[in-house]
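*Asks:* Let me give you the structure first, and then I'll get to my questions.
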Amino acid sequence: MEDYTLDELERKANLLRLDVIEATSAAGSGHPGGSLSSADLMAALYFRAMKHDPSDPAWEERDRFILSKGHVAPILYAALAETGYFPKEELMTLRKIGSNLQGHPVKGKVPGVEMSTGSLGQGLSMACGMALAGKLDKKDHRIFCLLGDGELQSGQNWEAAMLAHHYRLNNLIAFVDRNRLQITGNTECTMSLDPLPDKWRAFGWNVIIIDGHSMIQILEACEKARASETNPTVVIMNTIKGKGVSFMENNYEFHGKACKMNEKEHALAELEQTICPK
């Protein structure tokens with residue numbers, strides 16, 4: 001990918017946010033809140049940190065990205081469209097009958113989607129399998145996996161975490177979108193996850209804690225993770241659900257609700273200001 005500056009990557013992240021608002025509003029449904037909190041990471045990965053080729057989605061040497069929290073498909077679709085995997089116009093078909101852009105990613109339907117996801121708690125297991133296969137095949141690629149924090153309440157994640165350490169999957173990098181909100185409200189009220197870093201350390205992972213909206217911290221975390229010679233790495237990103245749109249920020253109601261028309265115009269105006277400031 002091109003060598004974008006930090007400012008350019010930040011603008012790309014807000015462009016992805018704009019795409020999410022446009023697509024979910026056109027659909028009248030979807031999951032914008034967690035998509036917006038993940039946008040900075042997705043811009044960093046797809047425009048800088050990941051080795052991939054939109055003209056050859058099946059390139060054997062590519063890095064793999066698994067969206068374990070599959071309900072935030074809009075942000076994945078936006079990243080794939082903006083990097084050229086499919087025409088950007090298709091984003092407006094999100095969740096429509098006959099569209100390839102279903103509410104959760106479907107492998108084989110959309111170029112660049114590595115795994116069908118949506119059943120929470122399963123993506124890290126698949127990422128472990130891909131990472132182990134890469135090691136057995138002596139490949140140099142990395143596996144990136146994005147998890148929701150509420151998703152970590154599913155026990156299968158911790159079985160996968162144990163396996164990743166056992167097989168020394170240092171080619172596996174997990175990211176936790178720690179926005180502390182899920183569909184029912186605060187994660188700590190639903191099922192407390194803290195002390196989350198200590199849990200990952202207990203399973204033998206390298207733990208990096210960052211501001212998930214700092215582009216430089218995201219990129220530095222990716223470099224540190226790549227330098228690991230033995231253990232898998234988890235990057236816990238402290239984020240804001242609905243980031244970038246004032247009335248959506250820290251509002252769990254937008255976990256799975258699209259903007260109404262008047263809200264959409266407000267949201268787009270805010271995001272357009274960050275992309276093309278006056």
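Please note that chains go A, B, ... in the order of the structure tokens, that every chain numbers its residues from 1, and that ligands are numbered from 1 in the order shown.
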Quick one: residues within 12 Å of Ile66 of chain A, only C-alpha atoms counted, chain neighbours fewer than 4 positions away excluded, as a VMD selection string?

*Replies:* chain A and resid 42 45 70 72 to 73 76 105 to 107 112 to 118 121 to 131 142 to 147 172 to 175

*Asks:* From a backbone DSSP assignment, name each residue in segment 171-210 of chain A labelled helix (DSSP H, G or I), as a list of chain:residue names.

*Replies:*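 Put together, the selection reads A:Thr187, A:Glu188, A:Cys189, A:Thr190, A:Leu196, A:Pro197, A:Asp198, A:Lys199, A:Trp200, A:Arg201, A:Ala202.
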
*Asks:* Compile the contact shell of Arg48 of chain A as a PyMOL selection string: residues with an atom at most 12 Å away, counting only C-alpha atoms, same-chain residues fewer than 5 positions apart removed.

*Replies:* chain A and resi 1-6+8-10+12-13+40-43+53+63+79+83+215-216+218-220+222-223

*Asks:* Check the smallest atom-to-atom distance from each of A:Ser228, A:Thr233, A:Thr190, A:Thr274 to Ala164 of chain A using only C-alpha atoms, then report the winner.

*Replies:*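 Among the listed residues, the smallest separation from Ala164 of chain A belongs to A:Thr233.
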
*Asks:* So that I can check the surroundings of Leu196 of chain A, please list as a list of chain:residue names every protein, DNA and RNA residue that reaches within 10 Å of it, counting only C-alpha atoms and ignoring chain neighbours fewer than 2 positions away.

*Replies:*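 Residues meeting the cut-off are A:Asp149, A:Leu152, A:Arg178, A:Ser192, A:Leu193, A:Asp194, A:Asp198, A:Lys199, A:Trp200, A:Arg201, A:Val207, A:Ile236.
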
*Asks:* For the residues in the current selection, export N, CA, C and O atoms as a PDB file, in the first residue's frame.

*Replies:*
```pdb
ATOM      1  N   ASP A 149     -15.014  -6.087  22.893  1.00  0.00           N
ATOM      2  CA  ASP A 149     -14.773  -6.399  24.308  1.00  0.00           C
ATOM      3  C   ASP A 149     -15.919  -7.217  24.903  1.00  0.00           C
ATOM      4  O   ASP A 149     -15.692  -8.178  25.632  1.00  0.00           O
ATOM      5  N   LEU A 152     -15.645 -10.910  24.484  1.00  0.00           N
ATOM      6  CA  LEU A 152     -14.736 -11.684  25.335  1.00  0.00           C
ATOM      7  C   LEU A 152     -15.458 -12.355  26.492  1.00  0.00           C
ATOM      8  O   LEU A 152     -14.847 -13.122  27.241  1.00  0.00           O
ATOM      9  N   ARG A 178     -11.905  -1.919  22.951  1.00  0.00           N
ATOM     10  CA  ARG A 178     -12.349  -1.755  24.343  1.00  0.00           C
ATOM     11  C   ARG A 178     -13.139  -0.447  24.494  1.00  0.00           C
ATOM     12  O   ARG A 178     -12.686   0.521  25.101  1.00  0.00           O
ATOM     13  N   SER A 192     -18.366  -8.446  33.986  1.00  0.00           N
ATOM     14  CA  SER A 192     -17.135  -7.678  34.122  1.00  0.00           C
ATOM     15  C   SER A 192     -15.945  -8.379  33.474  1.00  0.00           C
ATOM     16  O   SER A 192     -15.742  -9.584  33.640  1.00  0.00           O
ATOM     17  N   LEU A 193     -15.158  -7.590  32.729  1.00  0.00           N
ATOM     18  CA  LEU A 193     -13.958  -8.096  32.063  1.00  0.00           C
ATOM     19  C   LEU A 193     -12.676  -7.688  32.767  1.00  0.00           C
ATOM     20  O   LEU A 193     -11.632  -8.294  32.551  1.00  0.00           O
ATOM     21  N   ASP A 194     -12.732  -6.645  33.557  1.00  0.00           N
ATOM     22  CA  ASP A 194     -11.524  -6.172  34.246  1.00  0.00           C
ATOM     23  C   ASP A 194     -11.101  -7.130  35.354  1.00  0.00           C
ATOM     24  O   ASP A 194     -11.957  -7.783  35.974  1.00  0.00           O
ATOM     25  N   ASP A 198      -4.537  -8.222  32.670  1.00  0.00           N
ATOM     26  CA  ASP A 198      -3.997  -9.312  33.487  1.00  0.00           C
ATOM     27  C   ASP A 198      -4.498 -10.667  33.009  1.00  0.00           C
ATOM     28  O   ASP A 198      -3.763 -11.672  33.082  1.00  0.00           O
ATOM     29  N   LYS A 199      -5.714 -10.728  32.530  1.00  0.00           N
ATOM     30  CA  LYS A 199      -6.249 -11.994  32.022  1.00  0.00           C
ATOM     31  C   LYS A 199      -5.429 -12.469  30.823  1.00  0.00           C
ATOM     32  O   LYS A 199      -5.046 -13.645  30.734  1.00  0.00           O
ATOM     33  N   TRP A 200      -5.162 -11.566  29.884  1.00  0.00           N
ATOM     34  CA  TRP A 200      -4.374 -11.958  28.713  1.00  0.00           C
ATOM     35  C   TRP A 200      -2.950 -12.343  29.102  1.00  0.00           C
ATOM     36  O   TRP A 200      -2.391 -13.305  28.562  1.00  0.00           O
ATOM     37  N   ARG A 201      -2.373 -11.600  30.030  1.00  0.00           N
ATOM     38  CA  ARG A 201      -1.006 -11.941  30.467  1.00  0.00           C
ATOM     39  C   ARG A 201      -0.981 -13.334  31.101  1.00  0.00           C
ATOM     40  O   ARG A 201      -0.033 -14.099  30.919  1.00  0.00           O
ATOM     41  N   VAL A 207       1.002  -8.129  25.965  1.00  0.00           N
ATOM     42  CA  VAL A 207      -0.125  -7.196  26.068  1.00  0.00           C
ATOM     43  C   VAL A 207       0.358  -5.774  25.809  1.00  0.00           C
ATOM     44  O   VAL A 207       1.311  -5.301  26.431  1.00  0.00           O
ATOM     45  N   ILE A 236      -4.871  -4.024  23.346  1.00  0.00           N
ATOM     46  CA  ILE A 236      -6.130  -3.569  23.942  1.00  0.00           C
ATOM     47  C   ILE A 236      -6.273  -2.083  23.628  1.00  0.00           C
ATOM     48  O   ILE A 236      -5.495  -1.254  24.107  1.00  0.00           O
TER      49      ILE A 236
END
```

*Asks:* Let's see if you can do this: from backbone DSSP, list all strand (DSSP E or B) residues in segment 139-198 of chain A, as a list in words.

*Replies:*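 Restricting segment 139-198 of chain A to strand (DSSP E or B) produces Ile143, Phe144, Cys145, Leu146, Leu147, Gly148, Leu172, Ile173, Ala174, Phe175, Val176, Asp177, Arg178, Leu181, Gln182, Gly185 and Asn186 of chain A.
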
*Asks:* Nearest to Ala225 of chain A among A:Met191, A:Ala27, A:Ala49, A:Leu36, with distances taken over only C-alpha atoms: which residue is it?

*Replies:* A:Ala49

*Asks:* With distances taken over only C-alpha atoms, which of A:Val235, A:Leu268, A:Leu163, A:Ile183 is nearest to Pro197 of chain A?

*Replies:*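 Looking at the shortest contact to Pro197 of chain A, the residue is A:Val235.
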
*Asks:* Just want the 8 Å neighbourhood of Arg95 of chain A, counted on only C-alpha atoms, with same-chain residues fewer than 4 positions away dropped. Output as a VMD selection string.

*Replies:* chain A and resid 27 29 to 30 99 101 to 103

*Asks:* Between A:Leu80, A:Leu91, A:Ile209, A:Leu136, single out the one closest to Val176 of chain A, counting only C-alpha atoms.

*Replies:* A:Ile209
